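Engineer: entry_39.cif (mmCIF, C-alpha atoms) pasted underneath:
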```
data_my_file
#
loop_
_atom_site.group_PDB
_atom_site.id
_atom_site.type_symbol
_atom_site.label_atom_id
_atom_site.label_comp_id
_atom_site.auth_asym_id
_atom_site.auth_seq_id
_atom_site.Cartn_x
_atom_site.Cartn_y
_atom_site.Cartn_z
ATOM 1 C CA MET D 1 -223.521 -128.430 271.985
ATOM 2 C CA ARG D 2 -225.449 -125.168 271.570
ATOM 3 C CA LEU D 3 -229.045 -125.259 272.785
ATOM 4 C CA LEU D 4 -231.262 -122.597 271.248
ATOM 5 C CA ASP D 5 -233.351 -122.245 274.397
ATOM 6 C CA VAL D 6 -230.303 -121.351 276.504
ATOM 7 C CA ASP D 7 -229.317 -117.684 276.428
ATOM 8 C CA GLU D 8 -225.547 -117.579 275.868
ATOM 9 C CA PRO D 9 -223.041 -115.628 273.708
ATOM 10 C CA GLY D 10 -222.177 -118.689 271.618
ATOM 11 C CA LEU D 11 -225.560 -118.403 269.893
ATOM 12 C CA LEU D 12 -224.708 -115.101 268.199
ATOM 13 C CA PRO D 13 -223.871 -116.786 264.851
ATOM 14 C CA TYR D 14 -227.381 -118.242 264.896
ATOM 15 C CA ALA D 15 -229.189 -114.974 265.567
ATOM 16 C CA THR D 16 -231.273 -115.153 262.381
ATOM 17 C CA LEU D 17 -232.597 -118.583 263.386
ATOM 18 C CA LEU D 18 -233.419 -117.365 266.882
ATOM 19 C CA THR D 19 -235.219 -114.338 265.468
ATOM 20 C CA ALA D 20 -237.276 -116.526 263.145
ATOM 21 C CA ARG D 21 -238.198 -118.880 265.987
ATOM 22 C CA ASP D 22 -239.173 -115.984 268.244
ATOM 23 C CA SER D 23 -241.284 -114.531 265.426
ATOM 24 C CA GLY D 24 -243.339 -117.708 265.252
ATOM 25 C CA ASP D 25 -241.753 -119.582 262.344
ATOM 26 C CA GLU D 26 -243.516 -122.942 262.719
ATOM 27 C CA ASP D 27 -240.871 -124.924 260.843
ATOM 28 C CA LEU D 28 -237.970 -123.645 262.912
ATOM 29 C CA GLN D 29 -239.800 -124.271 266.181
ATOM 30 C CA ALA D 30 -238.636 -127.863 265.795
ATOM 31 C CA LEU D 31 -234.993 -126.760 265.723
ATOM 32 C CA GLY D 32 -233.522 -127.193 269.191
ATOM 33 C CA GLY D 33 -229.758 -127.077 268.988
ATOM 34 C CA ILE D 34 -226.511 -127.231 267.063
ATOM 35 C CA TYR D 35 -223.593 -129.570 267.530
ATOM 36 C CA GLU D 36 -220.354 -127.769 266.694
ATOM 37 C CA TRP D 37 -217.052 -129.379 265.780
ATOM 38 C CA GLN D 38 -213.901 -127.313 266.265
ATOM 39 C CA GLY D 39 -215.919 -124.130 266.542
ATOM 40 C CA THR D 40 -218.048 -124.544 263.418
ATOM 41 C CA PRO D 41 -221.556 -126.038 263.090
ATOM 42 C CA LEU D 42 -221.635 -129.674 262.028
ATOM 43 C CA VAL D 43 -225.178 -130.911 262.775
ATOM 44 C CA PHE D 44 -228.360 -128.910 263.316
ATOM 45 C CA LEU D 45 -230.686 -130.864 265.594
ATOM 46 C CA VAL D 46 -234.486 -131.018 265.437
ATOM 47 C CA ALA D 47 -236.911 -132.883 267.685
ATOM 48 C CA ALA D 48 -238.634 -135.837 266.048
ATOM 49 C CA ASP D 49 -241.826 -135.295 268.026
ATOM 50 C CA ARG D 50 -242.089 -131.771 266.620
ATOM 51 C CA LEU D 51 -241.786 -133.030 263.063
ATOM 52 C CA GLY D 52 -244.197 -135.922 263.322
ATOM 53 C CA GLU D 53 -244.684 -137.472 259.876
ATOM 54 C CA ASP D 54 -244.465 -134.142 258.063
ATOM 55 C CA GLU D 55 -241.833 -134.727 255.379
ATOM 56 C CA ALA D 56 -242.564 -131.329 253.834
ATOM 57 C CA LYS D 57 -241.559 -129.588 257.055
ATOM 58 C CA LEU D 58 -238.274 -131.480 257.141
ATOM 59 C CA GLN D 59 -237.600 -130.486 253.533
ATOM 60 C CA ARG D 60 -238.288 -126.825 254.285
ATOM 61 C CA ILE D 61 -236.002 -126.915 257.324
ATOM 62 C CA ARG D 62 -233.229 -128.447 255.201
ATOM 63 C CA ARG D 63 -233.697 -125.679 252.634
ATOM 64 C CA VAL D 64 -233.667 -122.844 255.173
ATOM 65 C CA LEU D 65 -230.540 -124.172 256.853
ATOM 66 C CA ALA D 66 -228.864 -124.567 253.460
ATOM 67 C CA MET D 67 -229.283 -120.811 252.959
ATOM 68 C CA ARG D 68 -226.724 -120.378 255.733
ATOM 69 C CA GLY D 69 -224.055 -122.316 253.869
ATOM 70 C CA ASP D 70 -222.368 -123.690 256.993
ATOM 71 C CA ALA D 71 -223.386 -127.040 258.548
ATOM 72 C CA PRO D 72 -223.615 -130.065 256.214
ATOM 73 C CA TYR D 73 -225.963 -132.195 258.317
ATOM 74 C CA LEU D 74 -229.394 -132.121 259.929
ATOM 75 C CA GLY D 75 -230.080 -134.563 262.758
ATOM 76 C CA VAL D 76 -233.550 -135.670 263.812
ATOM 77 C CA VAL D 77 -233.461 -136.690 267.469
ATOM 78 C CA GLY D 78 -235.914 -139.142 268.994
ATOM 79 C CA PRO D 79 -235.843 -141.546 271.952
ATOM 80 C CA GLY D 80 -232.684 -143.623 271.490
ATOM 81 C CA ARG D 81 -232.389 -142.543 267.852
ATOM 82 C CA LEU D 82 -230.506 -140.025 265.697
ATOM 83 C CA ASP D 83 -231.272 -139.872 261.969
ATOM 84 C CA ILE D 84 -228.893 -137.808 259.828
ATOM 85 C CA TYR D 85 -229.867 -135.958 256.637
ATOM 86 C CA HIS D 86 -227.998 -133.812 254.144
ATOM 87 C CA ILE D 87 -228.553 -130.065 254.346
ATOM 88 C CA SER D 88 -228.801 -128.868 250.765
ATOM 89 C CA LEU D 89 -230.724 -126.765 248.259
ATOM 90 C CA ASP D 90 -232.407 -129.627 246.463
ATOM 91 C CA ASP D 91 -235.800 -131.257 246.080
ATOM 92 C CA ARG D 92 -234.866 -134.772 247.143
ATOM 93 C CA ARG D 93 -237.364 -136.772 249.144
ATOM 94 C CA THR D 94 -236.600 -137.465 252.796
ATOM 95 C CA VAL D 95 -235.487 -141.038 252.132
ATOM 96 C CA GLU D 96 -233.080 -139.798 249.458
ATOM 97 C CA ALA D 97 -231.583 -137.123 251.716
ATOM 98 C CA ARG D 98 -230.941 -139.512 254.571
ATOM 99 C CA VAL D 99 -227.286 -140.331 255.254
ATOM 100 C CA ASP D 100 -225.927 -143.816 255.797
ATOM 101 C CA VAL D 101 -223.474 -142.786 258.499
ATOM 102 C CA GLY D 102 -221.528 -146.023 258.298
ATOM 103 C CA VAL D 103 -220.783 -146.503 261.998
ATOM 104 C CA ALA D 104 -220.413 -150.125 263.042
ATOM 105 C CA ALA D 105 -222.805 -151.624 265.590
ATOM 106 C CA GLY D 106 -221.523 -151.007 269.075
ATOM 107 C CA GLN D 107 -219.566 -147.927 267.975
ATOM 108 C CA GLU D 108 -222.472 -145.459 267.975
ATOM 109 C CA VAL D 109 -220.670 -143.317 270.541
ATOM 110 C CA ALA D 110 -218.324 -142.285 267.706
ATOM 111 C CA THR D 111 -221.121 -141.075 265.401
ATOM 112 C CA LEU D 112 -220.482 -137.334 265.692
ATOM 113 C CA ALA D 113 -216.723 -137.693 265.447
ATOM 114 C CA HIS D 114 -217.199 -139.886 262.364
ATOM 115 C CA LEU D 115 -219.462 -137.277 260.746
ATOM 116 C CA ALA D 116 -216.893 -134.574 261.415
ATOM 117 C CA ASN D 117 -213.915 -136.488 260.040
ATOM 118 C CA ALA D 118 -215.279 -138.769 257.328
ATOM 119 C CA ARG D 119 -218.169 -136.520 256.126
ATOM 120 C CA PRO D 120 -220.113 -139.545 254.827
ATOM 121 C CA GLY D 121 -222.610 -139.162 252.035
ATOM 122 C CA LEU D 122 -221.871 -135.556 251.161
ATOM 123 C CA PRO D 123 -222.505 -134.865 247.460
ATOM 124 C CA THR D 124 -219.300 -133.896 245.679
ATOM 125 C CA GLY D 125 -220.215 -132.502 242.310
ATOM 126 C CA HIS D 126 -223.851 -131.430 242.370
ATOM 127 C CA ARG D 127 -224.380 -129.805 245.742
ATOM 128 C CA GLN D 128 -225.788 -126.324 245.211
ATOM 129 C CA TRP D 129 -223.951 -123.983 247.527
ATOM 130 C CA ILE D 130 -225.877 -120.827 248.294
ATOM 131 C CA SER D 131 -223.030 -118.573 247.145
ATOM 132 C CA GLN D 132 -223.040 -120.259 243.733
ATOM 133 C CA VAL D 133 -226.802 -119.862 243.416
ATOM 134 C CA VAL D 134 -226.706 -116.156 244.289
ATOM 135 C CA LEU D 135 -223.779 -115.591 241.902
ATOM 136 C CA LYS D 136 -225.643 -117.285 239.032
ATOM 137 C CA LEU D 137 -228.849 -115.316 239.612
ATOM 138 C CA LEU D 138 -226.874 -112.095 239.964
ATOM 139 C CA GLY D 139 -225.050 -112.714 236.686
ATOM 140 C CA ASP D 140 -228.229 -113.697 234.844
ATOM 141 C CA SER D 141 -230.024 -110.509 235.928
ATOM 142 C CA ILE D 142 -227.114 -108.246 234.970
ATOM 143 C CA ASP D 143 -226.668 -109.975 231.614
ATOM 144 C CA THR D 144 -230.400 -109.683 230.849
ATOM 145 C CA LEU D 145 -230.337 -105.939 231.522
ATOM 146 C CA LYS D 146 -227.345 -105.580 229.200
ATOM 147 C CA THR D 147 -228.359 -107.841 226.322
ATOM 148 C CA THR D 148 -232.155 -107.640 226.322
ATOM 149 C CA CYS D 149 -232.848 -104.209 227.782
ATOM 150 C CA GLY D 150 -229.908 -102.295 226.282
ATOM 151 C CA VAL D 151 -228.566 -101.056 229.626
ATOM 152 C CA ASP D 152 -224.847 -100.284 229.654
ATOM 153 C CA ASP D 153 -222.446 -102.318 231.767
ATOM 154 C CA ASP D 154 -221.939 -99.984 234.726
ATOM 155 C CA ASP D 155 -225.627 -99.134 235.069
ATOM 156 C CA ALA D 156 -226.652 -102.800 234.841
ATOM 157 C CA ILE D 157 -224.238 -103.751 237.620
ATOM 158 C CA SER D 158 -225.380 -100.907 239.857
ATOM 159 C CA LEU D 159 -229.113 -101.388 239.247
ATOM 160 C CA VAL D 160 -229.052 -105.097 240.063
ATOM 161 C CA GLY D 161 -226.895 -104.373 243.095
ATOM 162 C CA ARG D 162 -229.379 -101.827 244.410
ATOM 163 C CA ALA D 163 -232.311 -104.199 243.922
ATOM 164 C CA LEU D 164 -230.444 -107.083 245.540
ATOM 165 C CA PHE D 165 -229.392 -104.994 248.535
ATOM 166 C CA THR D 166 -233.000 -103.804 248.947
ATOM 167 C CA ARG D 167 -234.205 -107.424 248.874
ATOM 168 C CA PHE D 168 -231.690 -108.277 251.600
ATOM 169 C CA LEU D 169 -232.948 -105.402 253.759
ATOM 170 C CA GLY D 170 -236.581 -106.315 253.131
ATOM 171 C CA ASP D 171 -236.201 -109.985 254.018
ATOM 172 C CA ARG D 172 -234.575 -108.906 257.285
ATOM 173 C CA HIS D 173 -237.310 -106.356 258.053
ATOM 174 C CA LEU D 174 -234.858 -103.441 257.877
ATOM 175 C CA LEU D 175 -236.883 -101.134 255.627
ATOM 176 C CA GLY D 176 -239.047 -99.602 258.334
ATOM 177 C CA SER D 177 -237.733 -96.082 257.815
ATOM 178 C CA LEU D 178 -238.787 -96.328 254.161
ATOM 179 C CA GLY D 179 -242.348 -96.842 255.299
ATOM 180 C CA VAL D 180 -242.803 -100.333 253.822
ATOM 181 C CA ASP D 181 -243.154 -103.805 255.279
ATOM 182 C CA ILE D 182 -241.848 -107.066 253.906
ATOM 183 C CA LEU D 183 -244.953 -107.643 251.770
ATOM 184 C CA ALA D 184 -244.573 -104.288 250.036
ATOM 185 C CA THR D 185 -240.859 -104.795 249.346
ATOM 186 C CA ALA D 186 -241.626 -106.643 246.114
ATOM 187 C CA CYS D 187 -243.003 -103.477 244.495
ATOM 188 C CA LEU D 188 -240.065 -101.159 245.190
ATOM 189 C CA PHE D 189 -238.494 -101.530 241.718
ATOM 190 C CA ASP D 190 -241.602 -102.219 239.636
ATOM 191 C CA ASP D 191 -241.746 -98.798 237.979
ATOM 192 C CA ALA D 192 -239.653 -95.659 237.509
ATOM 193 C CA ALA D 193 -241.211 -93.661 240.349
ATOM 194 C CA SER D 194 -240.907 -96.428 242.944
ATOM 195 C CA ALA D 195 -237.389 -97.343 241.884
ATOM 196 C CA ALA D 196 -236.221 -93.730 241.987
ATOM 197 C CA LYS D 197 -237.683 -93.241 245.469
ATOM 198 C CA THR D 198 -236.110 -96.439 246.765
ATOM 199 C CA SER D 199 -232.782 -95.567 245.183
ATOM 200 C CA GLN D 200 -232.814 -92.110 246.750
ATOM 201 C CA TRP D 201 -233.482 -93.687 250.152
ATOM 202 C CA LEU D 202 -230.480 -95.974 249.682
ATOM 203 C CA ASP D 203 -228.261 -92.992 248.831
ATOM 204 C CA VAL D 204 -229.382 -91.026 251.870
ATOM 205 C CA THR D 205 -229.278 -93.954 254.268
ATOM 206 C CA PHE D 206 -225.917 -95.299 253.138
ATOM 207 C CA ASN D 207 -224.096 -91.990 252.624
ATOM 208 C CA GLY D 208 -224.372 -91.686 248.870
ATOM 209 C CA ASP D 209 -222.119 -93.021 246.093
ATOM 210 C CA PHE D 210 -223.623 -96.451 246.656
ATOM 211 C CA LEU D 211 -223.466 -98.282 243.322
ATOM 212 C CA PRO D 212 -223.679 -95.039 241.289
ATOM 213 C CA THR D 213 -225.975 -94.834 238.254
ATOM 214 C CA SER D 214 -225.984 -92.462 235.312
ATOM 215 C CA SER D 215 -228.166 -89.362 235.397
ATOM 216 C CA GLY D 216 -231.804 -89.892 234.429
ATOM 217 C CA ILE D 217 -231.458 -93.680 234.369
ATOM 218 C CA TRP D 218 -234.937 -94.383 235.751
ATOM 219 C CA GLU D 219 -236.678 -92.407 233.018
ATOM 220 C CA ARG D 220 -234.650 -94.157 230.297
ATOM 221 C CA LEU D 221 -235.156 -97.725 231.426
ATOM 222 C CA PRO D 222 -237.529 -99.828 229.292
ATOM 223 C CA LEU D 223 -240.399 -101.662 230.990
ATOM 224 C CA ASP D 224 -238.613 -104.991 230.600
ATOM 225 C CA ALA D 225 -235.802 -103.703 232.811
ATOM 226 C CA PHE D 226 -238.207 -103.069 235.691
ATOM 227 C CA LYS D 227 -239.448 -106.645 235.287
ATOM 228 C CA VAL D 228 -235.865 -107.899 235.784
ATOM 229 C CA LEU D 229 -235.343 -105.690 238.843
ATOM 230 C CA GLY D 230 -238.771 -106.499 240.258
ATOM 231 C CA ASP D 231 -238.092 -110.225 240.053
ATOM 232 C CA ILE D 232 -235.108 -109.774 242.374
ATOM 233 C CA LEU D 233 -237.485 -108.404 245.027
ATOM 234 C CA ARG D 234 -239.995 -111.264 244.762
ATOM 235 C CA ARG D 235 -240.115 -113.840 247.532
ATOM 236 C CA ALA D 236 -242.273 -116.915 248.116
ATOM 237 C CA PRO D 237 -245.797 -116.017 249.316
ATOM 238 C CA GLY D 238 -245.929 -116.083 253.088
ATOM 239 C CA GLY D 239 -242.238 -116.888 253.181
ATOM 240 C CA GLN D 240 -243.008 -120.560 252.475
ATOM 241 C CA LEU D 241 -240.315 -122.071 250.277
ATOM 242 C CA ARG D 242 -241.478 -124.368 247.496
ATOM 243 C CA LEU D 243 -240.844 -128.066 247.911
ATOM 244 C CA GLY D 244 -239.469 -128.220 244.385
ATOM 245 C CA TRP D 245 -236.163 -126.503 243.846
ATOM 246 C CA GLU D 246 -235.334 -124.053 241.067
ATOM 247 C CA GLU D 247 -232.676 -121.364 240.951
ATOM 248 C CA ARG D 248 -235.056 -118.412 241.256
ATOM 249 C CA TRP D 249 -234.994 -115.263 243.326
ATOM 250 C CA ASP D 250 -238.287 -116.094 245.019
ATOM 251 C CA ASN D 251 -236.886 -119.394 246.303
ATOM 252 C CA LEU D 252 -234.305 -117.573 248.419
ATOM 253 C CA ASP D 253 -234.729 -116.137 251.897
ATOM 254 C CA PHE D 254 -232.160 -113.457 252.648
ATOM 255 C CA ALA D 255 -233.203 -113.456 256.272
ATOM 256 C CA HIS D 256 -230.935 -116.510 256.583
ATOM 257 C CA ILE D 257 -228.343 -115.971 253.842
ATOM 258 C CA PRO D 258 -225.175 -114.504 255.429
ATOM 259 C CA VAL D 259 -224.355 -110.928 254.487
ATOM 260 C CA GLY D 260 -220.948 -112.049 253.233
ATOM 261 C CA VAL D 261 -222.578 -114.116 250.480
ATOM 262 C CA LEU D 262 -223.905 -110.945 248.819
ATOM 263 C CA SER D 263 -220.582 -109.136 248.805
ATOM 264 C CA GLN D 264 -218.732 -112.309 247.797
ATOM 265 C CA ALA D 265 -221.022 -112.967 244.840
ATOM 266 C CA TYR D 266 -220.811 -109.348 243.708
ATOM 267 C CA GLU D 267 -217.040 -109.305 244.036
ATOM 268 C CA HIS D 268 -216.724 -112.504 241.987
ATOM 269 C CA TYR D 269 -218.941 -111.080 239.253
ATOM 270 C CA LEU D 270 -216.963 -107.856 239.090
ATOM 271 C CA HIS D 271 -213.653 -109.655 238.811
ATOM 272 C CA ARG D 272 -214.976 -111.938 236.075
ATOM 273 C CA HIS D 273 -217.089 -109.658 233.929
ATOM 274 C CA ALA D 274 -216.944 -105.959 234.824
ATOM 275 C CA PRO D 275 -215.246 -103.878 232.091
ATOM 276 C CA VAL D 276 -213.405 -101.647 234.580
ATOM 277 C CA PRO D 277 -209.822 -101.639 235.858
ATOM 278 C CA ARG D 278 -208.944 -104.061 238.659
ATOM 279 C CA ASP D 279 -208.404 -101.229 241.146
ATOM 280 C CA ASN D 280 -211.907 -99.895 240.461
ATOM 281 C CA GLN D 281 -213.362 -103.389 240.861
ATOM 282 C CA ASP D 282 -211.711 -103.757 244.243
ATOM 283 C CA GLU D 283 -212.947 -100.307 245.311
ATOM 284 C CA ARG D 284 -216.521 -101.069 244.280
ATOM 285 C CA ALA D 285 -216.489 -104.468 245.964
ATOM 286 C CA ALA D 286 -215.088 -102.917 249.154
ATOM 287 C CA SER D 287 -217.855 -100.307 249.073
ATOM 288 C CA ILE D 288 -220.522 -103.019 248.834
ATOM 289 C CA LYS D 289 -218.976 -104.927 251.731
ATOM 290 C CA MET D 290 -218.888 -101.788 253.880
ATOM 291 C CA ARG D 291 -222.557 -100.942 253.233
ATOM 292 C CA ILE D 292 -223.663 -104.500 253.939
ATOM 293 C CA ALA D 293 -221.612 -104.577 257.127
ATOM 294 C CA THR D 294 -223.526 -101.577 258.491
ATOM 295 C CA CYS D 295 -226.630 -103.801 258.680
#
```
Here is a file; write its structure as structure tokens.

Structural biologist:
Amino acid sequence: MRLLDVDEPGLLPYATLLTARDSGDEDLQALGGIYEWQGTPLVFLVAADRLGEDEAKLQRIRRVLAMRGDAPYLGVVGPGRLDIYHISLDDRRTVEARVDVGVAAGQEVATLAHLANARPGLPTGHRQWISQVVLKLLGDSIDTLKTTCGVDDDDAISLVGRALFTRFLGDRHLLGSLGVDILATACLFDDAASAAKTSQWLDVTFNGDFLPTSSGIWERLPLDAFKVLGDILRRAPGGQLRLGWEERWDNLDFAHIPVGVLSQAYEHYLHRHAPVPRDNQDERAASIKMRIATC
């Protein structure tokens, strides 16, 4: 059991949650601990008295935790009671997300072991894993630049990668040296001047050759291309995720999505679609991983 109010090294994997709680995130204030099974998170635990009857808060907590892509369950703890819910990127109502654990009366002591081994109630075919969502959005944005905006393959891949990496930095409040806050992040690729400035900052900060683009690309891009790139930077107003679920950039919060998801999604896209030799794909993917790791 990992308690979030106890300062110990085992909480390092949950640093983004701790940061959000310390920053005043009202939803995550209810989150009190994590039950791990064989070294990996199994059930995130929230206090029932901190949720009250607010189903919307429970839905938002489920969505935020799903961004992590690790634990499958959320447990709501009350006096003599533990209610288990799926953690997933969906818009199901609370009653629909609740898990029938299937432990016989008198055997409640085995509940956590049963969850770990039997994994009751987990969706098999329609669960939306965060890596799949990011990969789909990434591919859609690149394909739109290529087919609708007339951008060539290499430039489309690099431009979307730069916008996505900037979104990741912005959601994690790591753009201070660029002189912008998280609210201003959404405008960094809205026009040629802003995009060129942001891109130059990325080159300087991350030692150049980061997703290289062709010379004069910003002046040649049509307005529709900046709309595609700008959408990648959009996030829900006030950071509040919508209760309904759609695969949209503004429904994601990269403050909680693991850095490996970005590099993994990019690597998968390159291997599937990029018209470059396999060795070059591997080199580009490795470069992305290295830059992300520096954060």

Engineer: If the box runs along x, y and z of the file and leaves 4 Å on each side of segment 264-267 of chain D, what are its centre and edge lengths in Å, one decimal, as lines of an AutoDock Vina configuration file?

Structural biologist:
```
center_x = -219.0
center_y = -111.1
center_z = 245.8
size_x = 12.0
size_y = 11.7
size_z = 12.1
```

Engineer: Give me the result of the PyMOL selection byres ((chain D and resi 148-152) around 9) on this file, residue by residue, as a ChimeraX atom specification.

Structural biologist: /D:143-147,153-157,221-225

Engineer: For Leu115 of chain D, which residue out of D:Glu267, D:Asp90, D:Asp70, D:Glu36 is the nearest one, using all atoms listed in the file?

Structural biologist: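 The closest residue to Leu115 of chain D is D:Glu36.
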
Engineer: Taking the file as I've supplied it (selection: the PyMOL selection byres ((chain D and resi 89) around 10)), which residues are included? Please answer as a list of chain:residue names.

Structural biologist: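 Evaluating the PyMOL selection byres ((chain D and resi 89) around 10) on this file yields D:Gln59, D:Arg60, D:Arg62, D:Arg63, D:Val64, D:Leu65, D:Ala66, D:Met67, D:Gly69, D:His86, D:Ile87, D:Ser88, D:Asp90, D:Asp91, D:Arg92, D:Arg127, D:Gln128, D:Trp129, D:Ile130, D:Val133, D:Gly244, D:Trp245, D:Glu246, D:Glu247, D:Asn251, D:Leu252.
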
Engineer: Take the residues just selected and output them with C-alpha atoms as a PDB file, in the frame of the given file.

Structural biologist:
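Output saved as part.pdb:
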```pdb
ATOM      1  CA  GLN D  59    -237.600-130.486 253.533  1.00  0.00           C
ATOM      2  CA  ARG D  60    -238.288-126.825 254.285  1.00  0.00           C
ATOM      3  CA  ARG D  62    -233.229-128.447 255.201  1.00  0.00           C
ATOM      4  CA  ARG D  63    -233.697-125.679 252.634  1.00  0.00           C
ATOM      5  CA  VAL D  64    -233.667-122.844 255.173  1.00  0.00           C
ATOM      6  CA  LEU D  65    -230.540-124.172 256.853  1.00  0.00           C
ATOM      7  CA  ALA D  66    -228.864-124.567 253.460  1.00  0.00           C
ATOM      8  CA  MET D  67    -229.283-120.811 252.959  1.00  0.00           C
ATOM      9  CA  GLY D  69    -224.055-122.316 253.869  1.00  0.00           C
ATOM     10  CA  HIS D  86    -227.998-133.812 254.144  1.00  0.00           C
ATOM     11  CA  ILE D  87    -228.553-130.065 254.346  1.00  0.00           C
ATOM     12  CA  SER D  88    -228.801-128.868 250.765  1.00  0.00           C
ATOM     13  CA  ASP D  90    -232.407-129.627 246.463  1.00  0.00           C
ATOM     14  CA  ASP D  91    -235.800-131.257 246.080  1.00  0.00           C
ATOM     15  CA  ARG D  92    -234.866-134.772 247.143  1.00  0.00           C
ATOM     16  CA  ARG D 127    -224.380-129.805 245.742  1.00  0.00           C
ATOM     17  CA  GLN D 128    -225.788-126.324 245.211  1.00  0.00           C
ATOM     18  CA  TRP D 129    -223.951-123.983 247.527  1.00  0.00           C
ATOM     19  CA  ILE D 130    -225.877-120.827 248.294  1.00  0.00           C
ATOM     20  CA  VAL D 133    -226.802-119.862 243.416  1.00  0.00           C
ATOM     21  CA  GLY D 244    -239.469-128.220 244.385  1.00  0.00           C
ATOM     22  CA  TRP D 245    -236.163-126.503 243.846  1.00  0.00           C
ATOM     23  CA  GLU D 246    -235.334-124.053 241.067  1.00  0.00           C
ATOM     24  CA  GLU D 247    -232.676-121.364 240.951  1.00  0.00           C
ATOM     25  CA  ASN D 251    -236.886-119.394 246.303  1.00  0.00           C
ATOM     26  CA  LEU D 252    -234.305-117.573 248.419  1.00  0.00           C
TER      27      LEU D 252
END
```

Engineer: Apply the PyMOL selection byres ((chain D and resi 35) around 8) to the structure shown and report the selected residues as a list in words.

Structural biologist: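 That selection, the PyMOL selection byres ((chain D and resi 35) around 8), comes back as Met1, Arg2, Gly33, Ile34, Glu36, Trp37, Pro41, Leu42, Val43, Phe44 and Leu45 of chain D.
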
Engineer: Do you have the atom CA of Val160 of chain D-atom CA of Ser141 of chain D distance handy?

Structural biologist: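 Between these atoms lies a distance of 6.9 Å.
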
Engineer: Leaving out Gly78 of chain D and any residue of its chain fewer than 6 positions from it, which residues lie within 8 Å of it when counting only C-alpha atoms, given as a ChimeraX atom specification?

Structural biologist: /D:47-49

Engineer: Please compute the atom CA of Lys227 of chain D-atom CA of Leu135 of chain D distance, one decimal, in Å.

Structural biologist: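 Atom CA of Lys227 of chain D sits 19.2 Å away from atom CA of Leu135 of chain D.
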
Engineer: When you count only C-alpha atoms, which of these residues is closest to Gly161 of chain D: D:Ala265, D:Ala110, D:Val204, D:Ala71?

Structural biologist: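 Using only C-alpha atoms, Gly161 of chain D sits closest to D:Ala265.
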
Engineer: If I take atom CA of Leu82 of chain D and atom CA of Ile257 of chain D, how far is one from the other in Å, to one decimal?

Structural biologist: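 About the pair atom CA of Leu82 of chain D and atom CA of Ile257 of chain D: they are 26.9 Å apart.
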
Engineer: Just checking: using all atoms listed in the file, which residue out of D:Leu188, D:Val76, D:Leu262, D:Leu17 ends up closest to Glu53 of chain D?

Structural biologist: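 Nearest to Glu53 of chain D: D:Val76.
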
Engineer: Which is closest to Arg235 of chain D among D:Phe206, D:Phe168, D:Trp218, D:Tyr73, if we use all atoms listed in the file?

Structural biologist: D:Phe168

Engineer: May I ask which of the residues D:Arg81, D:Arg162, D:Val134, D:Thr19 is the closest one to Pro212 of chain D, counting all atoms listed in the file?

Structural biologist: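 Nearest candidate to Pro212 of chain D out of D:Arg81, D:Arg162, D:Val134, D:Thr19: D:Arg162.
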
Engineer: Would you kindly return, as a compact mmCIF listing (two decimals) with C-alpha atoms, keeping the file's coordinate frame, each protein, DNA or RNA residue with an atom no farther than 9 Å from any atom of Gln29 of chain D, considering all atoms listed in the file and excluding same-chain residues fewer than 4 positions away?

Structural biologist:
```txt
# COMPACT_ATOMS: atom_id res chain seq x y z
CA ALA D 20 -237.28 -116.53 263.14
CA ARG D 21 -238.20 -118.88 265.99
CA ASP D 22 -239.17 -115.98 268.24
CA GLY D 24 -243.34 -117.71 265.25
CA ASP D 25 -241.75 -119.58 262.34
CA VAL D 46 -234.49 -131.02 265.44
CA ARG D 50 -242.09 -131.77 266.62
```
